[in-house]
$ cat final.txt   # compact mmCIF, C-alpha atoms
# COMPACT_ATOMS: atom_id res chain seq x y z
CA MET W 1 12.72 -33.65 -44.46
CA PRO W 2 9.53 -35.26 -45.86
CA LEU W 3 6.28 -35.18 -43.97
CA SER W 4 6.69 -38.85 -43.09
CA ASP W 5 9.53 -37.76 -40.83
CA MET W 6 7.27 -35.73 -38.56
CA PRO W 7 7.93 -36.64 -34.93
CA GLU W 8 6.11 -39.79 -33.86
CA PHE W 9 4.57 -37.86 -30.96
CA SER W 10 2.97 -35.25 -33.25
CA ASP W 11 -0.59 -36.45 -32.54
CA ASP W 12 0.00 -36.16 -28.80
CA LEU W 13 1.44 -32.69 -29.30
CA LEU W 14 -1.55 -31.54 -31.36
CA LYS W 15 -3.90 -32.85 -28.68
CA GLU W 16 -1.98 -30.77 -26.11
CA PHE W 17 -2.49 -27.69 -28.31
CA GLU W 18 -6.19 -28.51 -28.71
CA THR W 19 -6.60 -28.92 -24.95
CA ARG W 20 -5.17 -25.41 -24.58
CA ARG W 21 -7.84 -24.03 -26.95
CA THR W 22 -5.53 -22.90 -29.69
CA GLU W 23 -6.27 -22.59 -33.39
CA ARG W 24 -3.76 -24.51 -35.48
CA VAL W 25 -2.46 -22.51 -38.44
CA ASN W 26 0.07 -23.07 -41.18
CA THR W 27 2.00 -20.52 -43.20
CA PRO W 28 3.78 -20.74 -46.59
CA VAL W 29 7.27 -22.22 -46.57
CA ILE W 30 8.41 -19.44 -48.93
CA GLN W 31 8.28 -16.13 -47.05
CA PRO W 32 9.17 -12.51 -47.87
CA ALA W 33 12.70 -12.06 -46.54
CA GLU W 34 12.41 -8.40 -45.54
CA PRO W 35 10.63 -8.87 -42.18
CA PHE W 36 13.26 -11.37 -41.02
CA LEU W 37 16.16 -9.24 -42.26
CA ASP W 38 14.74 -6.09 -40.65
CA ILE W 39 13.30 -7.43 -37.41
CA ALA W 40 14.44 -10.91 -36.46
CA GLY W 41 17.93 -10.19 -35.15
CA GLU W 42 21.48 -10.69 -36.35
CA ASP W 43 21.79 -14.26 -35.08
CA LEU W 44 18.82 -15.43 -37.14
CA ARG W 45 19.56 -13.21 -40.16
CA ARG W 46 22.89 -14.89 -40.85
CA ARG W 47 21.29 -18.36 -40.73
CA ILE W 48 18.48 -17.72 -43.22
CA PHE W 49 18.32 -19.45 -46.62
CA LEU W 50 17.68 -16.63 -49.11
CA THR W 51 16.41 -16.69 -52.69
CA GLU W 52 14.70 -14.32 -55.16
CA SER W 53 11.46 -14.26 -57.10
CA GLU W 54 11.53 -13.84 -60.86
CA THR W 55 10.77 -10.15 -60.29
CA GLY W 56 13.80 -9.74 -58.02
CA ALA W 57 11.90 -9.71 -54.71
CA SER W 58 13.93 -11.12 -51.82
CA LEU W 59 12.46 -14.34 -50.43
CA CYS W 60 13.54 -16.94 -47.89
CA LEU W 61 12.66 -20.37 -46.63
CA ARG W 62 10.63 -20.05 -43.43
CA PRO W 63 13.26 -19.82 -40.64
CA GLU W 64 10.75 -19.65 -37.76
CA PHE W 65 7.02 -19.29 -37.20
CA THR W 66 6.46 -16.21 -35.03
CA ILE W 67 6.79 -13.61 -37.80
CA PRO W 68 4.79 -15.66 -40.38
CA VAL W 69 1.98 -16.33 -37.86
CA CYS W 70 1.81 -12.61 -37.01
CA LEU W 71 1.80 -11.65 -40.71
CA ARG W 72 -1.02 -14.12 -41.33
CA HIS W 73 -2.97 -12.66 -38.42
CA ILE W 74 -2.62 -9.15 -39.86
CA GLU W 75 -3.48 -10.23 -43.43
CA THR W 76 -6.63 -12.09 -42.37
CA ALA W 77 -7.77 -9.11 -40.26
CA THR W 78 -8.61 -11.48 -37.42
CA GLY W 79 -9.68 -9.91 -34.16
CA THR W 80 -8.00 -10.48 -30.83
CA PRO W 81 -7.44 -12.12 -28.45
CA ARG W 82 -6.38 -15.17 -30.48
CA ARG W 83 -4.33 -18.21 -29.56
CA TYR W 84 -2.55 -19.84 -32.48
CA SER W 85 -0.58 -23.08 -32.54
CA TYR W 86 1.68 -24.40 -35.26
CA LEU W 87 3.60 -27.52 -36.23
CA GLY W 88 5.73 -27.53 -39.35
CA GLU W 89 9.13 -27.37 -40.95
CA VAL W 90 11.58 -24.51 -40.54
CA PHE W 91 14.82 -24.01 -42.43
CA ARG W 92 17.92 -22.39 -41.03
CA GLN W 93 21.60 -23.07 -40.64
CA ARG W 94 22.50 -24.49 -37.25
CA ARG W 95 25.82 -25.21 -35.60
CA GLU W 96 24.52 -28.65 -34.67
CA GLY W 97 21.77 -30.75 -36.22
CA ALA W 98 19.95 -30.64 -39.53
CA HIS W 99 19.24 -27.35 -41.30
CA GLU W 100 15.67 -28.50 -42.01
CA PHE W 101 13.65 -29.52 -38.96
CA TYR W 102 10.23 -29.42 -37.35
CA GLN W 103 9.18 -26.80 -34.87
CA ALA W 104 5.95 -26.25 -32.95
CA GLY W 105 4.62 -23.66 -30.56
CA ILE W 106 1.89 -21.29 -29.43
CA GLU W 107 1.50 -17.56 -30.14
CA ASP W 108 -0.90 -15.74 -27.79
CA LEU W 109 -2.01 -12.45 -29.39
CA GLY W 110 -4.07 -9.63 -27.96
CA ASP W 111 -4.50 -10.51 -24.27
CA LYS W 112 -4.16 -7.20 -22.43
CA ASP W 113 -3.61 -8.90 -19.07
CA ILE W 114 0.16 -9.04 -19.60
CA ALA W 115 1.05 -10.82 -16.37
CA SER W 116 -1.59 -13.49 -16.82
CA ALA W 117 -0.64 -14.12 -20.46
CA ASP W 118 3.05 -14.39 -19.52
CA ALA W 119 2.25 -16.92 -16.82
CA ARG W 120 0.05 -18.87 -19.23
CA ALA W 121 2.85 -19.06 -21.83
CA ILE W 122 5.27 -20.44 -19.22
CA GLY W 123 2.63 -22.84 -17.94
CA ASP W 124 1.73 -24.06 -21.43
CA ALA W 125 5.36 -24.64 -22.43
CA THR W 126 6.07 -26.48 -19.18
CA GLY W 127 2.85 -28.50 -19.38
CA VAL W 128 3.46 -29.65 -22.96
CA LEU W 129 7.02 -30.72 -22.13
CA LYS W 130 5.88 -32.64 -19.05
CA ALA W 131 3.32 -34.47 -21.18
CA LEU W 132 5.88 -35.36 -23.84
CA LEU W 133 8.72 -36.15 -21.42
CA PRO W 134 6.93 -37.65 -18.40
CA GLY W 135 9.02 -38.02 -15.29
CA ARG W 136 11.80 -35.75 -16.50
CA LYS W 137 12.97 -32.92 -14.25
CA LEU W 138 12.81 -29.61 -16.11
CA ALA W 139 14.74 -26.40 -15.43
CA LEU W 140 13.34 -22.99 -16.38
CA THR W 141 15.43 -19.82 -16.71
CA LEU W 142 13.66 -16.47 -16.92
CA GLY W 143 14.94 -13.04 -17.90
CA ASP W 144 13.25 -9.71 -18.52
CA GLN W 145 14.14 -7.38 -21.38
CA ALA W 146 12.02 -4.60 -19.87
CA VAL W 147 13.88 -4.67 -16.54
CA PHE W 148 17.23 -4.45 -18.34
CA GLU W 149 15.96 -1.56 -20.48
CA ALA W 150 14.75 0.24 -17.34
CA VAL W 151 18.18 -0.11 -15.71
CA VAL W 152 19.96 1.21 -18.82
CA GLN W 153 17.56 4.14 -19.16
CA ALA W 154 17.87 5.02 -15.47
CA LEU W 155 21.65 5.36 -15.85
CA GLY W 156 21.07 8.40 -18.07
CA LEU W 157 23.13 7.30 -21.07
CA PRO W 158 22.60 8.99 -24.46
CA LEU W 159 19.78 7.40 -26.44
CA GLY W 160 22.22 5.95 -28.97
CA TRP W 161 24.10 4.07 -26.26
CA GLN W 162 20.85 2.87 -24.72
CA LYS W 163 19.86 1.39 -28.09
CA ARG W 164 23.24 -0.30 -28.49
CA LEU W 165 23.14 -1.92 -25.07
CA ILE W 166 19.51 -2.99 -25.40
CA HIS W 167 20.19 -4.45 -28.85
CA ALA W 168 23.05 -6.52 -27.35
CA PHE W 169 20.96 -7.89 -24.48
CA GLY W 170 21.25 -11.67 -24.42
CA ASP W 171 24.65 -11.68 -26.16
CA MET W 172 26.99 -11.36 -23.18
CA GLU W 173 30.15 -11.23 -25.28
CA HIS W 174 28.83 -8.30 -27.33
CA LEU W 175 27.45 -6.59 -24.24
CA GLU W 176 30.78 -6.92 -22.43
CA ALA W 177 32.60 -5.38 -25.41
CA LEU W 178 30.22 -2.40 -25.32
CA LEU W 179 30.79 -1.95 -21.57
CA GLU W 180 34.54 -1.91 -22.19
CA ARG W 181 34.07 0.86 -24.76
CA LEU W 182 31.99 2.83 -22.26
CA ALA W 183 34.77 2.43 -19.71
CA ARG W 184 37.49 3.46 -22.19
CA PRO W 185 36.10 5.69 -24.96
CA GLN W 186 38.02 5.65 -28.26
CA PRO W 187 38.29 8.78 -30.45
CA VAL W 188 36.80 8.68 -33.95
CA ALA W 189 39.72 8.16 -36.33
CA GLY W 190 40.08 9.83 -39.73
CA LEU W 191 37.62 12.66 -39.19
CA ASP W 192 38.44 15.90 -41.05
CA PRO W 193 39.64 18.46 -38.45
CA GLU W 194 37.45 21.21 -39.94
CA ILE W 195 34.33 19.03 -39.74
CA ALA W 196 35.25 17.95 -36.21
CA GLY W 197 35.57 21.63 -35.25
CA LEU W 198 32.17 22.49 -36.74
CA ILE W 199 30.55 19.62 -34.82
CA ALA W 200 32.21 20.70 -31.59
CA SER W 201 31.13 24.33 -32.06
CA GLY W 202 27.51 23.41 -32.79
CA LYS W 203 27.48 25.33 -36.08
CA GLU W 204 25.03 22.98 -37.77
CA ALA W 205 24.28 25.08 -40.88
CA GLU W 206 27.99 25.49 -41.62
CA LEU W 207 28.54 21.78 -41.02
CA VAL W 208 25.81 20.80 -43.49
CA ALA W 209 27.17 23.27 -46.07
CA ARG W 210 30.70 21.89 -45.65
CA ILE W 211 29.51 18.30 -46.12
CA ASP W 212 27.43 19.33 -49.16
CA ARG W 213 30.45 21.04 -50.72
CA THR W 214 32.61 17.96 -50.17
CA MET W 215 29.94 15.75 -51.73
CA GLN W 216 29.72 18.02 -54.76
CA GLU W 217 33.50 18.11 -55.19
CA THR W 218 33.88 14.34 -54.99
CA GLY W 219 30.83 13.54 -57.07
CA TYR W 220 29.40 11.53 -54.24
CA SER W 221 26.18 13.56 -54.21
CA THR W 222 25.01 12.14 -57.55
CA ASN W 223 24.37 8.69 -56.08
CA ALA W 224 24.25 9.40 -52.34
CA SER W 225 21.53 7.66 -50.37
CA ARG W 226 21.81 10.20 -47.54
CA SER W 227 21.48 13.97 -47.58
CA PRO W 228 24.16 16.31 -46.16
CA ALA W 229 21.85 17.06 -43.22
CA GLU W 230 21.43 13.36 -42.43
CA ILE W 231 25.18 12.74 -42.70
CA ALA W 232 25.79 15.67 -40.34
CA ARG W 233 23.32 14.24 -37.84
CA ARG W 234 24.94 10.80 -37.99
CA LEU W 235 28.43 12.27 -37.55
CA LYS W 236 27.29 14.20 -34.47
CA GLU W 237 25.72 11.06 -33.03
CA LYS W 238 28.85 9.01 -33.78
CA LEU W 239 31.07 11.53 -32.00
CA GLU W 240 28.73 11.73 -29.04
CA LEU W 241 28.70 7.95 -28.69
CA ALA W 242 32.48 7.70 -29.08
CA GLU W 243 33.10 10.35 -26.42
CA THR W 244 30.57 9.03 -23.89
CA ARG W 245 32.12 7.58 -20.77
CA LEU W 246 30.07 5.75 -18.17
CA ASP W 247 31.47 6.76 -14.79
CA GLY W 248 32.96 4.05 -12.63
CA SER W 249 30.10 3.80 -10.16
CA ALA W 250 27.45 3.52 -12.90
CA LEU W 251 29.51 0.91 -14.73
CA LEU W 252 29.83 -1.10 -11.54
CA LEU W 253 26.07 -0.88 -11.03
CA LEU W 254 25.35 -2.19 -14.50
CA ARG W 255 27.84 -5.03 -14.09
CA GLU W 256 26.38 -5.82 -10.66
CA PHE W 257 22.89 -6.01 -12.15
CA LEU W 258 24.06 -8.38 -14.89
CA THR W 259 25.51 -10.80 -12.31
CA LEU W 260 22.16 -11.31 -10.56
CA GLN W 261 21.12 -14.97 -10.68
CA LEU W 262 18.87 -16.49 -8.05
CA PRO W 263 15.66 -18.48 -7.50
CA LEU W 264 12.74 -16.66 -9.10
CA ASP W 265 10.82 -16.29 -5.84
CA GLU W 266 13.75 -14.31 -4.40
CA ALA W 267 14.11 -12.05 -7.45
CA PRO W 268 11.55 -9.31 -6.57
CA ALA W 269 13.26 -8.51 -3.27
CA ALA W 270 16.71 -8.64 -4.88
CA LEU W 271 15.67 -6.31 -7.73
CA ALA W 272 13.95 -3.87 -5.38
CA GLY W 273 17.00 -3.86 -3.11
CA PHE W 274 19.31 -3.27 -6.07
CA ALA W 275 17.18 -0.35 -7.31
CA ASP W 276 17.01 1.26 -3.86
CA ALA W 277 20.74 0.89 -3.20
CA ALA W 278 21.60 2.24 -6.65
CA GLY W 279 19.09 5.06 -6.49
CA LEU W 280 17.46 3.91 -9.73
CA LYS W 281 13.74 4.26 -10.47
CA LEU W 282 12.57 0.99 -12.01
CA GLY W 283 8.99 1.16 -10.77
CA ALA W 284 6.92 0.19 -13.83
CA ALA W 285 9.23 -2.63 -14.93
CA LEU W 286 9.43 -4.08 -11.40
CA ALA W 287 5.66 -3.80 -10.93
CA LEU W 288 5.07 -5.91 -14.04
CA PHE W 289 7.76 -8.37 -12.92
CA ASP W 290 6.01 -8.77 -9.55
CA ALA W 291 2.59 -9.13 -11.21
CA ARG W 292 3.93 -11.92 -13.44
CA LEU W 293 5.24 -13.81 -10.41
CA ALA W 294 1.89 -13.42 -8.66
CA ALA W 295 0.13 -14.81 -11.73
CA LEU W 296 2.56 -17.74 -11.84
CA ALA W 297 1.96 -18.44 -8.16
CA ASN W 298 -1.82 -18.28 -8.64
CA ALA W 299 -1.46 -20.82 -11.46
CA GLY W 300 0.34 -23.20 -9.10
CA ALA W 301 3.81 -22.87 -10.65
CA ASP W 302 6.88 -23.83 -8.62
CA ILE W 303 8.46 -20.36 -8.62
CA GLY W 304 11.23 -21.39 -6.24
CA GLY W 305 12.27 -24.06 -8.72
CA MET W 306 12.72 -21.50 -11.51
CA THR W 307 15.78 -19.28 -11.97
CA TYR W 308 15.91 -15.56 -12.69
CA ARG W 309 19.06 -14.44 -14.50
CA ALA W 310 19.33 -10.71 -15.13
CA ALA W 311 21.66 -11.13 -18.13
CA PHE W 312 19.46 -13.72 -19.83
CA GLY W 313 17.93 -12.65 -23.13
CA ARG W 314 17.21 -14.21 -26.50
CA PRO W 315 18.99 -13.27 -29.76
CA LEU W 316 15.84 -12.02 -31.49
CA ASP W 317 15.31 -8.28 -31.73
CA TYR W 318 11.54 -8.38 -31.32
CA TYR W 319 11.39 -9.43 -27.65
CA THR W 320 10.18 -6.69 -25.29
CA GLY W 321 9.65 -8.15 -21.81
CA LEU W 322 9.56 -11.71 -20.51
CA VAL W 323 12.12 -14.10 -22.02
CA PHE W 324 12.43 -17.72 -20.92
CA GLU W 325 13.82 -21.10 -21.84
CA ILE W 326 13.30 -24.61 -20.55
CA THR W 327 15.89 -27.38 -20.51
CA GLU W 328 16.07 -30.76 -18.89
CA ALA W 329 17.78 -30.37 -15.52
CA GLY W 330 21.53 -30.74 -15.92
CA SER W 331 21.44 -30.21 -19.69
CA SER W 332 22.12 -27.10 -21.78
CA ALA W 333 19.94 -28.24 -24.71
CA VAL W 334 16.95 -25.88 -24.93
CA LEU W 335 13.64 -27.74 -25.28
CA ALA W 336 11.39 -24.67 -25.32
CA GLY W 337 12.01 -20.95 -25.50
CA GLY W 338 9.97 -17.83 -25.89
CA GLY W 339 8.88 -14.52 -24.49
CA ARG W 340 6.92 -11.34 -25.02
CA PHE W 341 7.01 -9.38 -28.29
CA ASP W 342 4.58 -6.47 -27.92
CA ARG W 343 6.10 -4.32 -30.67
CA LEU W 344 6.26 -6.97 -33.37
CA LEU W 345 2.79 -6.74 -34.91
CA THR W 346 3.01 -2.96 -35.20
CA LEU W 347 6.41 -3.29 -36.90
CA LEU W 348 4.86 -5.78 -39.32
CA GLY W 349 2.10 -3.35 -40.26
CA ALA W 350 -0.75 -3.84 -37.77
CA SER W 351 -2.81 -0.67 -37.42
CA ASP W 352 -3.37 -1.20 -33.68
CA HIS W 353 -1.06 -2.19 -30.85
CA VAL W 354 -1.32 -5.93 -30.18
CA PRO W 355 0.30 -7.35 -27.03
CA ALA W 356 1.79 -10.76 -27.75
CA VAL W 357 3.63 -13.60 -26.07
CA GLY W 358 4.56 -17.09 -27.19
CA PHE W 359 7.03 -19.94 -27.26
CA SER W 360 8.47 -22.54 -29.60
CA LEU W 361 9.39 -26.17 -29.00
CA TRP W 362 12.52 -27.86 -30.34
CA LEU W 363 11.00 -31.12 -31.51
CA ASP W 364 14.21 -32.87 -32.55
CA ARG W 365 15.61 -32.37 -29.04
CA ILE W 366 12.36 -33.57 -27.47
CA GLU W 367 12.45 -36.62 -29.75
CA ALA W 368 16.01 -37.37 -28.68
CA GLY W 369 14.94 -37.06 -25.02
CA ARG W 370 12.05 -39.48 -25.53
CA ALA W 371 14.40 -41.98 -27.17
CA ASP W 372 16.52 -41.97 -24.00
CA GLN W 373 13.59 -42.87 -21.76
$ encode --input "final.txt" --output "structure tokens"
Amino acid sequence: MPLSDMPEFSDDLLKEFETRRTERVNTPVIQPAEPFLDIAGEDLRRRIFLTESETGASLCLRPEFTIPVCLRHIETATGTPRRYSYLGEVFRQRREGAHEFYQAGIEDLGDKDIASADARAIGDATGVLKALLPGRKLALTLGDQAVFEAVVQALGLPLGWQKRLIHAFGDMEHLEALLERLARPQPVAGLDPEIAGLIASGKEAELVARIDRTMQETGYSTNASRSPAEIARRLKEKLELAETRLDGSALLLLREFLTLQLPLDEAPAALAGFADAAGLKLGAALALFDARLAALANAGADIGGMTYRAAFGRPLDYYTGLVFEITEAGSSAVLAGGGRFDRLLTLLGASDHVPAVGFSLWLDRIEAGRADQ
């Protein structure tokens, strides 16, 4: 898509970004693929257009802006807090629409007042959409990765199962499949009886020696990427996960939590009531949830007109807390979506922890909405 095909409202959009005191940045279209493959999430990974450099390095066409903007921030050693905006092309396979399209958004890095920054991100996304689609009724859905993680952790599942469930948050089909496995554990098939016995008995040294001997006999050890000790650890973890059963009451609690959907102003009482009735300690996550709502209220947001959905997440692995999306009322087409990603900059190589929140705008959908006015 040539630059002449930028949305006709681009100047208005850039003025909105300027009004919000952001610094507009651009990033190279050709990006290192590794950060997206390692961090971005399965849904995005399978949509990326990959290529290679002449030295064999894995590269990709820029599939989104959050990771590139964060990499640029780290590389330029810019201090925080910083508010970046962007407007440019992204390239990824989509079920509907062109694979090459324009995207814009704001990334808010380094503000330690988490609740206030979250409220500002929601307010900015809503404000920009109202300016570009005047008179349209918008619907905002909010979820919270941190609240879901707190519920899962409070249930006392093994760490491996916690990671699986948290990784699936936002993909209800995958999450439901995992809950079914927790309700009906399946034995690990094809495991050598002797190795299974050594795992069950806790004889770790003998287990490692047995795996090492097998690797030597089969010749696998000459090109193995994992040591016998690491293979033993992974086998133990696999068995533990396969044998874990979530008792009926805990499973019902988790399913009950995932069905919560109500006006955002009613969510704090509902979450506190759920935690009390279930005997779960969700204090820190609920305190931040409440602080975010207070910040939204102080900013004049219509909290009662927003929806909290406990099962709502976004299919990107780097989100850590707030997740939200905005549609036109009565439509399922997402116009803006974003959330909090506090771990991302550290994962990308930042030496210090950098709290971060942001959102992106789907400009082709906004353009289609303006055409209907």
$ atom_distance --input "final.txt" --atom1 "CA of Gly338 in chain W" --atom2 "CA of Gly88 in chain W"
17.1 Å
$ closest_residue --input "final.txt" --among "W:Phe257, W:Phe9, W:Phe65, W:Phe91" --to "Leu280 in chain W" --atoms "all atoms listed in the file"
W:Phe257
$ closest_residue --input "final.txt" --among "W:Asp247, W:Glu16, W:Glu230, W:Asp364" --to "Ala336 in chain W" --atoms "only C-alpha atoms"
W:Asp364
$ residues_around --input "final.txt" --residues "range 102-116 of chain W" --least-positions-apart "3" --cutoff "8 Å" --atoms "only C-alpha atoms" --output "number ranges by chain"
W: 6-7, 17, 22, 64, 66, 69, 80-90, 119-121, 288-289, 291-293, 295-296, 354-364
$ residues_around --input "final.txt" --residues "Ile74 in chain W" --least-positions-apart "4" --cutoff "10 Å" --atoms "only C-alpha atoms" --output "ChimeraX atom specification"
/W:68-70,78-79,345-346,348-351
$ closest_residue --input "final.txt" --among "W:Arg164, W:Lys15, W:Arg343, W:Arg72" --to "Leu132 in chain W" --atoms "all atoms listed in the file"
W:Lys15
$ atom_distance --input "final.txt" --atom1 "CA of Ala77 in chain W" --atom2 "CA of Leu322 in chain W"
26.4 Å
$ closest_residue --input "final.txt" --among "W:Gly123, W:Glu206, W:Glu75, W:Asp5" --to "Gly300 in chain W" --atoms "all atoms listed in the file"
W:Gly123
$ closest_residue --input "final.txt" --among "W:Glu149, W:Ala301, W:Leu59, W:Glu42" --to "His174 in chain W" --atoms "all atoms listed in the file"
W:Glu42
$ atom_distance --input "final.txt" --atom1 "CA of Glu180 in chain W" --atom2 "CA of Leu271 in chain W"
24.2 Å
$ closest_residue --input "final.txt" --among "W:Lys281, W:Ile326, W:Val151, W:Pro315" --to "Leu254 in chain W" --atoms "only C-alpha atoms"
W:Val151
$ axis_aligned_box --input "final.txt" --around "range 284-297 of chain W" --padding-each-side "4 Å" --output "AutoDock Vina command-line options"
--center_x 4.8 --center_y -9.1 --center_z -11.5 --size_x 17.3 --size_y 26.6 --size_z 14.8
$ residues_near_point --input "final.txt" --point "(18.7, -11.4, -38.9)" --cutoff "10 Å" --atoms "all atoms listed in the file" --output "list in words"
Ala33, Glu34, Pro35, Phe36, Leu37, Asp38, Ile39, Ala40, Gly41, Glu42, Asp43, Leu44, Arg45, Arg46, Arg47, Ile48, Pro315, Leu316 and Asp317 of chain W
$ decode --input "final.txt" --residues "range 243-267 of chain W" --atoms "N, CA and C atoms" --output "compact mmCIF listing (two decimals), in the first residue's frame"
# COMPACT_ATOMS: atom_id res chain seq x y z
N GLU W 243 -0.91 -35.66 35.73
CA GLU W 243 -1.61 -36.30 36.84
C GLU W 243 -2.39 -35.32 37.71
N THR W 244 -2.21 -34.02 37.46
CA THR W 244 -2.89 -33.02 38.28
C THR W 244 -4.38 -32.99 37.97
N ARG W 245 -5.17 -33.05 39.01
CA ARG W 245 -6.62 -32.93 38.85
C ARG W 245 -7.10 -31.76 39.72
N LEU W 246 -7.84 -30.86 39.11
CA LEU W 246 -8.43 -29.76 39.86
C LEU W 246 -9.75 -30.25 40.43
N ASP W 247 -9.88 -30.22 41.76
CA ASP W 247 -11.08 -30.78 42.36
C ASP W 247 -12.33 -30.03 41.90
N GLY W 248 -13.45 -30.70 42.01
CA GLY W 248 -14.69 -30.18 41.45
C GLY W 248 -15.05 -28.79 41.90
N SER W 249 -14.87 -28.51 43.19
CA SER W 249 -15.25 -27.19 43.70
C SER W 249 -14.35 -26.10 43.12
N ALA W 250 -13.04 -26.38 43.02
CA ALA W 250 -12.11 -25.39 42.47
C ALA W 250 -12.39 -25.16 40.99
N LEU W 251 -12.71 -26.22 40.28
CA LEU W 251 -13.02 -26.09 38.86
C LEU W 251 -14.28 -25.25 38.66
N LEU W 252 -15.27 -25.48 39.51
CA LEU W 252 -16.49 -24.68 39.44
C LEU W 252 -16.21 -23.21 39.72
N LEU W 253 -15.31 -22.95 40.68
CA LEU W 253 -14.95 -21.57 41.01
C LEU W 253 -14.31 -20.88 39.81
N LEU W 254 -13.39 -21.57 39.16
CA LEU W 254 -12.71 -20.98 38.02
C LEU W 254 -13.69 -20.72 36.88
N ARG W 255 -14.57 -21.67 36.64
CA ARG W 255 -15.58 -21.48 35.59
C ARG W 255 -16.53 -20.33 35.96
N GLU W 256 -16.89 -20.26 37.24
CA GLU W 256 -17.77 -19.18 37.68
C GLU W 256 -17.11 -17.83 37.46
N PHE W 257 -15.83 -17.73 37.79
CA PHE W 257 -15.10 -16.48 37.57
C PHE W 257 -15.14 -16.08 36.10
N LEU W 258 -14.90 -17.04 35.22
CA LEU W 258 -14.81 -16.75 33.79
C LEU W 258 -16.15 -16.35 33.18
N THR W 259 -17.25 -16.60 33.88
CA THR W 259 -18.56 -16.18 33.36
C THR W 259 -18.93 -14.76 33.77
N LEU W 260 -18.14 -14.13 34.64
CA LEU W 260 -18.48 -12.79 35.10
C LEU W 260 -18.47 -11.80 33.94
N GLN W 261 -19.57 -11.10 33.76
CA GLN W 261 -19.67 -10.05 32.75
C GLN W 261 -20.74 -9.08 33.22
N LEU W 262 -20.34 -7.83 33.45
CA LEU W 262 -21.26 -6.86 34.04
C LEU W 262 -20.73 -5.45 33.82
N PRO W 263 -21.57 -4.43 34.05
CA PRO W 263 -21.09 -3.06 33.92
C PRO W 263 -19.86 -2.83 34.81
N LEU W 264 -18.91 -2.05 34.30
CA LEU W 264 -17.64 -1.90 34.99
C LEU W 264 -17.80 -1.32 36.39
N ASP W 265 -18.77 -0.44 36.59
CA ASP W 265 -18.92 0.15 37.93
C ASP W 265 -19.42 -0.86 38.96
N GLU W 266 -19.98 -1.99 38.50
CA GLU W 266 -20.42 -3.03 39.42
C GLU W 266 -19.36 -4.11 39.65
N ALA W 267 -18.27 -4.05 38.87
CA ALA W 267 -17.27 -5.11 38.92
C ALA W 267 -16.51 -5.21 40.25
